[in-house]
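Undergrad: This is the structure I want to talk about, given as C-alpha cells.
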Amino acid sequence: MSYPIIFDTDPGVDDAQAIAIALRHPEIELLGLTTTYGNVDINVATRNALLLSELAGRRIPVAQGAAGPLVKPRHPAPAHIHGANGLGNIDLPEVHGRAEPIGAAQFIVETVRARPGEVTLVAVGPLGNLAAALQLDPGIVEAVKRVVIMGGSIKEGGNVSPVAEANIFNDPHAASRVLTAGWPLTLVGLDATHRCVLSPADMDAIAAGQGELGAVLKGSYAFYREFYQQALGIDGCCPHDSCALAWLLRPELFTTARGHLSVVTEGDAAGQTLFAPEGRAFIDERWSRTPLVEACLGADGPAVVQWIVDTLK
C-alpha cells in the first residue's frame, strides 16, 4: 500500500527525524515538503527542508509558507530547544536546491486537486499553511484523503504552557480552523508522543544506516537530548513528529477515541485543545458542535520507537 503525503514542517530536530522516515519508508510517496515558521524562522525552515532531502539523495519539491501566526504576535523561535539553525547548531553543508515558485498553500491545493481522494496532509508545525489552503480552496476538505496533525494535548497538559502544546499555541487561530474544518482528521498529540523515547542507542543505530543524513540526525539529536534531560528528566528525546507518520502506517500502535475538538484562541489558556468524547453529554452543547475527529489518547511507546529505528537503520 502506498501513502502519498505532503509533509508540512518547521524543521526542527524531531522534524528532521520524521523527514528522514518520509524519505526512506517504501510505502510513503513524499509529494512535497511545505515549510512554516515555528521551531525556526521560515527561511531557516525552508533551507533545512531542502538540505535534508539533498542529504538523502532526493529532489523533493519544497514550498515555503507561513512566516508568522494569523492573528497573535509571534513568539521567538525556541533556539534553546532546537538550536539557532534548527539542527542543534551543528555545522551544515551548503544547500543547492531552491524552493518552488509557488507558496505552500497553493502547493497544497494544486497537489490535492491533482490527485483527489489520494493525498494525506501530515502537519507537524503550526497550522498556518493548512489554514491558508482552506482559505484558498475550501473544497479541499472533500478532496483530501486524510489530515494527520502532530499537536495538541488531551489529558497530558502542555509543553509551552500549563495546558498548550507548542504547535497549537504558536497559532491557535489557524489550529482552530484546521481542527474544525470537517475533513477526516487524526490528532497525534502529547498523550501519545510523550510515551515514546528515542534513546542514544536508538540514534546510533539510525545514524549508522543513514549516511550523510545520519550524521546530521545524530549531531542535532545530541543538542535536543540535553534539553530533554533538563525538561523531562529522560535520557533521549520524544520523537514527536515521527509519531504522526507512525500513526499513519501503524495505527494499531496507538489508542484513539472519536470526539469533538475545539481550540482556545485567547487568554491564559490560548492554544489549549479541548476534546469532548463522542456521545458524552456535558452541561452545555457548545463543546460538541464541531465535527467529529479522531484523537490519540496513548501509544505503545517502545513499539513506536522500534518502528522508527527499523525504518531508518
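Just remember, in the C-alpha cells the first chain shown is A, the second B, etc., residues are 1-based per chain, and ligands are 1-based in the order shown.
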Per residue of segment 176-293 of chain A within 9 Å of segment 89-93 of chain A, which atom pair is closest and at what distance in Å (one decimal), using only C-alpha atoms, listed by chain and increasing number, as a Markdown table?

TA:
```
| residue | atom | partner | partner_atom | distance |
| --- | --- | --- | --- | --- |
| A:Val216 | CA | A:Ile90 | CA | 7.7 |
| A:Gly219 | CA | A:Ile90 | CA | 6.4 |
| A:Ser220 | CA | A:Ile90 | CA | 6.6 |
| A:Phe223 | CA | A:Asn89 | CA | 7.9 |
```

Undergrad: Take the residues from that selection and put them in a file with C-alpha atoms, as a PDB file, in the first residue's frame.

TA:
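What follows is the written file out20.pdb:
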```pdb
ATOM      1  CA  VAL A 216      23.014  15.421  10.796  1.00  0.00           C
ATOM      2  CA  GLY A 219      24.539  15.652  15.680  1.00  0.00           C
ATOM      3  CA  SER A 220      21.248  17.500  16.120  1.00  0.00           C
ATOM      4  CA  PHE A 223      21.552  19.055  21.416  1.00  0.00           C
TER       5      PHE A 223
END
```

Undergrad: Write down as a list in words the residues belonging to segment 41-270 of chain A that are assigned strand (DSSP E) by DSSP computed on the backbone.

TA: Val62, Ala63, Gln64, Thr120, Leu121, Val122, Ala123, Arg146, Val147, Val148, Ile149, Met150, Leu185, Thr186, Leu187, Val188, Phe254, Thr255, Thr256, Ala257, Arg258, Gly259, His260, Leu261, Ser262 and Val263 of chain A

Undergrad: Write the residues you've just listed into a file as an mmCIF file, in the first residue's frame, and include C-alpha atoms for each of them.

TA:
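Written output follows (result_18.cif):
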```
data_model
loop_
_atom_site.group_PDB
_atom_site.id
_atom_site.type_symbol
_atom_site.label_atom_id
_atom_site.label_comp_id
_atom_site.auth_asym_id
_atom_site.auth_seq_id
_atom_site.Cartn_x
_atom_site.Cartn_y
_atom_site.Cartn_z
ATOM 1 C CA VAL A 62 9.816 22.344 -1.124
ATOM 2 C CA ALA A 63 7.244 25.148 -0.939
ATOM 3 C CA GLN A 64 7.740 27.960 1.560
ATOM 4 C CA THR A 120 -2.798 12.774 3.095
ATOM 5 C CA LEU A 121 -1.630 16.015 4.690
ATOM 6 C CA VAL A 122 0.746 15.372 7.594
ATOM 7 C CA ALA A 123 1.333 18.599 9.521
ATOM 8 C CA ARG A 146 -6.874 12.411 5.480
ATOM 9 C CA VAL A 147 -5.199 15.021 7.650
ATOM 10 C CA VAL A 148 -2.794 13.931 10.405
ATOM 11 C CA ILE A 149 -1.740 16.612 12.891
ATOM 12 C CA MET A 150 1.115 16.329 15.362
ATOM 13 C CA LEU A 185 -8.580 14.220 10.791
ATOM 14 C CA THR A 186 -6.447 12.490 13.394
ATOM 15 C CA LEU A 187 -4.686 14.400 16.180
ATOM 16 C CA VAL A 188 -1.440 12.833 17.409
ATOM 17 C CA PHE A 254 -1.985 3.902 19.246
ATOM 18 C CA THR A 255 -5.061 4.218 21.429
ATOM 19 C CA THR A 256 -7.595 6.606 19.904
ATOM 20 C CA ALA A 257 -11.068 7.971 20.546
ATOM 21 C CA ARG A 258 -13.596 9.843 18.450
ATOM 22 C CA GLY A 259 -14.875 13.168 19.611
ATOM 23 C CA HIS A 260 -15.173 16.900 19.056
ATOM 24 C CA LEU A 261 -12.124 19.181 19.150
ATOM 25 C CA SER A 262 -12.030 22.892 19.805
ATOM 26 C CA VAL A 263 -9.145 25.288 20.423
#
```

Undergrad: Tell me which of A:Arg177, A:Arg250, A:Arg289, A:Lys155 sits closest to Val141 of chain A, counting only C-alpha atoms.

TA: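 Of the candidates, the smallest distance to Val141 of chain A is held by A:Arg177.
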
Undergrad: Could you check which of A:Asp241, A:Glu278, A:Glu94, A:Glu142 is closest to Ile308 of chain A, using only C-alpha atoms?

TA: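 Looking at the shortest contact to Ile308 of chain A, the residue is A:Asp241.
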
Undergrad: Might you pull out every residue within 10 Å of Ala66 of chain A, with only C-alpha atoms counted and same-chain residues fewer than 2 positions away left off, and present them as a PDB file with N, CA and C atoms, in the first residue's frame?

TA:
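Produced file out.pdb, reproduced below:
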```pdb
ATOM      1  N   ASP A  10       8.342  22.409  10.227  1.00  0.00           N
ATOM      2  CA  ASP A  10       9.180  23.536  10.663  1.00  0.00           C
ATOM      3  C   ASP A  10      10.507  22.990  11.199  1.00  0.00           C
ATOM      4  N   THR A  34       6.182  21.254   2.706  1.00  0.00           N
ATOM      5  CA  THR A  34       5.773  22.649   2.836  1.00  0.00           C
ATOM      6  C   THR A  34       6.281  23.151   4.175  1.00  0.00           C
ATOM      7  N   THR A  35       6.830  24.358   4.186  1.00  0.00           N
ATOM      8  CA  THR A  35       7.537  24.835   5.377  1.00  0.00           C
ATOM      9  C   THR A  35       6.776  25.950   6.071  1.00  0.00           C
ATOM     10  N   THR A  36       6.975  26.013   7.375  1.00  0.00           N
ATOM     11  CA  THR A  36       6.366  27.041   8.214  1.00  0.00           C
ATOM     12  C   THR A  36       7.366  27.461   9.284  1.00  0.00           C
ATOM     13  N   TYR A  37       7.190  28.666   9.788  1.00  0.00           N
ATOM     14  CA  TYR A  37       7.916  29.085  10.994  1.00  0.00           C
ATOM     15  C   TYR A  37       7.456  28.204  12.157  1.00  0.00           C
ATOM     16  N   GLY A  38       8.170  28.251  13.250  1.00  0.00           N
ATOM     17  CA  GLY A  38       7.782  27.516  14.454  1.00  0.00           C
ATOM     18  C   GLY A  38       9.021  27.227  15.263  1.00  0.00           C
ATOM     19  N   ASP A  41      12.841  30.219  12.182  1.00  0.00           N
ATOM     20  CA  ASP A  41      12.267  31.195  11.261  1.00  0.00           C
ATOM     21  C   ASP A  41      12.011  30.525   9.911  1.00  0.00           C
ATOM     22  N   ILE A  42      11.137  31.115   9.119  1.00  0.00           N
ATOM     23  CA  ILE A  42      10.683  30.465   7.893  1.00  0.00           C
ATOM     24  C   ILE A  42      11.819  30.199   6.909  1.00  0.00           C
ATOM     25  N   GLN A  64       7.648  27.146   0.343  1.00  0.00           N
ATOM     26  CA  GLN A  64       7.740  27.960   1.560  1.00  0.00           C
ATOM     27  C   GLN A  64       6.383  28.555   1.911  1.00  0.00           C
ATOM     28  N   GLY A  68       4.551  33.599  10.106  1.00  0.00           N
ATOM     29  CA  GLY A  68       4.076  34.004  11.421  1.00  0.00           C
ATOM     30  C   GLY A  68       2.621  33.609  11.604  1.00  0.00           C
ATOM     31  N   PRO A  69       2.059  33.837  12.792  1.00  0.00           N
ATOM     32  CA  PRO A  69       0.678  33.443  13.077  1.00  0.00           C
ATOM     33  C   PRO A  69      -0.341  34.296  12.326  1.00  0.00           C
ATOM     34  N   LEU A  70      -1.565  33.779  12.236  1.00  0.00           N
ATOM     35  CA  LEU A  70      -2.650  34.509  11.576  1.00  0.00           C
ATOM     36  C   LEU A  70      -3.004  35.793  12.318  1.00  0.00           C
ATOM     37  N   GLY A 103       3.775  29.351  -3.282  1.00  0.00           N
ATOM     38  CA  GLY A 103       3.800  29.207  -1.841  1.00  0.00           C
ATOM     39  C   GLY A 103       3.176  27.897  -1.378  1.00  0.00           C
ATOM     40  N   ALA A 104       3.321  27.638  -0.084  1.00  0.00           N
ATOM     41  CA  ALA A 104       2.891  26.363   0.486  1.00  0.00           C
ATOM     42  C   ALA A 104       1.397  26.115   0.311  1.00  0.00           C
ATOM     43  N   ALA A 105       0.565  27.121   0.571  1.00  0.00           N
ATOM     44  CA  ALA A 105      -0.878  26.911   0.486  1.00  0.00           C
ATOM     45  C   ALA A 105      -1.295  26.549  -0.932  1.00  0.00           C
ATOM     46  N   PRO A 126       3.141  24.629  13.401  1.00  0.00           N
ATOM     47  CA  PRO A 126       1.969  25.498  13.439  1.00  0.00           C
ATOM     48  C   PRO A 126       1.175  25.365  12.133  1.00  0.00           C
ATOM     49  N   LEU A 127      -0.125  25.596  12.200  1.00  0.00           N
ATOM     50  CA  LEU A 127      -1.010  25.139  11.130  1.00  0.00           C
ATOM     51  C   LEU A 127      -1.437  26.230  10.150  1.00  0.00           C
ATOM     52  N   GLY A 128      -0.640  27.286  10.010  1.00  0.00           N
ATOM     53  CA  GLY A 128      -0.993  28.375   9.112  1.00  0.00           C
ATOM     54  C   GLY A 128      -1.094  27.978   7.650  1.00  0.00           C
ATOM     55  N   ASN A 129      -0.248  27.056   7.196  1.00  0.00           N
ATOM     56  CA  ASN A 129      -0.300  26.659   5.789  1.00  0.00           C
ATOM     57  C   ASN A 129      -1.591  25.926   5.449  1.00  0.00           C
ATOM     58  N   LEU A 130      -2.035  25.063   6.351  1.00  0.00           N
ATOM     59  CA  LEU A 130      -3.286  24.345   6.106  1.00  0.00           C
ATOM     60  C   LEU A 130      -4.470  25.308   6.193  1.00  0.00           C
ATOM     61  N   ALA A 131      -4.412  26.258   7.130  1.00  0.00           N
ATOM     62  CA  ALA A 131      -5.480  27.251   7.228  1.00  0.00           C
ATOM     63  C   ALA A 131      -5.537  28.098   5.964  1.00  0.00           C
ATOM     64  N   ALA A 132      -4.383  28.469   5.430  1.00  0.00           N
ATOM     65  CA  ALA A 132      -4.342  29.271   4.204  1.00  0.00           C
ATOM     66  C   ALA A 132      -4.851  28.473   3.007  1.00  0.00           C
TER      67      ALA A 132
END
```

Undergrad: Taking only segment 2-233 of chain A into account, list the residues labelled helix (DSSP H, G or I) by DSSP (computed from the backbone), as a VMD selection string.

TA: chain A and resid 13 to 24 42 to 55 79 to 82 104 to 114 128 to 136 140 to 143 166 to 170 172 to 179 190 to 193 200 to 208 211 to 231

Undergrad: Determine, using only C-alpha atoms, which residues of segment 105-215 of chain A have any atom at most 6 Å from an atom of segment 299-303 of chain A, and tabulate each with its shortest atom pair and distance in Å to one decimal place, rows ordered by chain and then rising number, as a Markdown table.

TA:
```
| residue | atom | partner | partner_atom | distance |
| --- | --- | --- | --- | --- |
| A:Ala192 | CA | A:Ala299 | CA | 4.9 |
| A:Arg195 | CA | A:Gly301 | CA | 4.8 |
| A:Cys196 | CA | A:Gly301 | CA | 4.1 |
```

Undergrad: Could you save the residues just selected, with N, CA, C and O atoms, as a PDB file, in the first residue's frame?

TA:
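Output saved as part.pdb:
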```pdb
ATOM      1  N   ALA A 192       0.238  10.822  23.229  1.00  0.00           N
ATOM      2  CA  ALA A 192       0.920   9.713  22.556  1.00  0.00           C
ATOM      3  C   ALA A 192       2.424   9.922  22.492  1.00  0.00           C
ATOM      4  O   ALA A 192       3.209   9.021  22.814  1.00  0.00           O
ATOM      5  N   ARG A 195       4.873   9.202  25.342  1.00  0.00           N
ATOM      6  CA  ARG A 195       5.083   7.794  25.692  1.00  0.00           C
ATOM      7  C   ARG A 195       6.286   7.209  24.956  1.00  0.00           C
ATOM      8  O   ARG A 195       6.681   6.078  25.215  1.00  0.00           O
ATOM      9  N   CYS A 196       6.850   7.967  24.024  1.00  0.00           N
ATOM     10  CA  CYS A 196       7.899   7.461  23.137  1.00  0.00           C
ATOM     11  C   CYS A 196       9.214   8.171  23.441  1.00  0.00           C
ATOM     12  O   CYS A 196       9.258   9.401  23.464  1.00  0.00           O
TER      13      CYS A 196
END
```

Undergrad: For Glu226 of chain A, which of A:Gly83, A:Gly32, A:Gly182, A:Pro73 is the closest residue, counting only C-alpha atoms?

TA: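 Once distances to Glu226 of chain A are computed over only C-alpha atoms, the minimum belongs to A:Gly83.
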
Undergrad: Any idea what's packed within 10 Å of Ala201 of chain A, counting only C-alpha atoms, ignoring anything in its chain fewer than 4 positions away? Could you give it as a JSON list (two decimals) with C-alpha atoms, in the first residue's frame?

TA:
```json
[["chain", "number", "residue", "atom", "x", "y", "z"],
["A", 205, "ALA", "CA", 21.52, 2.57, 15.04],
["A", 206, "ILE", "CA", 19.72, 5.16, 12.94],
["A", 207, "ALA", "CA", 22.86, 7.18, 12.18],
["A", 236, "GLY", "CA", 16.77, 10.68, 25.00],
["A", 309, "VAL", "CA", 14.51, 2.63, 14.25]]
```

Undergrad: From the set A:Phe169, A:Phe275, A:Trp307, A:Phe282, which residue has the shortest atom-to-atom contact distance to Ala18 of chain A, counting only C-alpha atoms?

TA: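 Between A:Phe169, A:Phe275, A:Trp307, A:Phe282, the residue approaching Ala18 of chain A most closely is A:Trp307.
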
Undergrad: Report the distance between atom CA of Ala143 of chain A and atom CA of Gly117 of chain A in Å, rounded to one decimal place.

TA: 5.2 Å

Undergrad: In Å to one decimal, how far is atom CA of Tyr224 of chain A from atom CA of Gly86 of chain A?

TA: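 One can read the atom CA of Gly86 of chain A to atom CA of Tyr224 of chain A distance as 10.0 Å.
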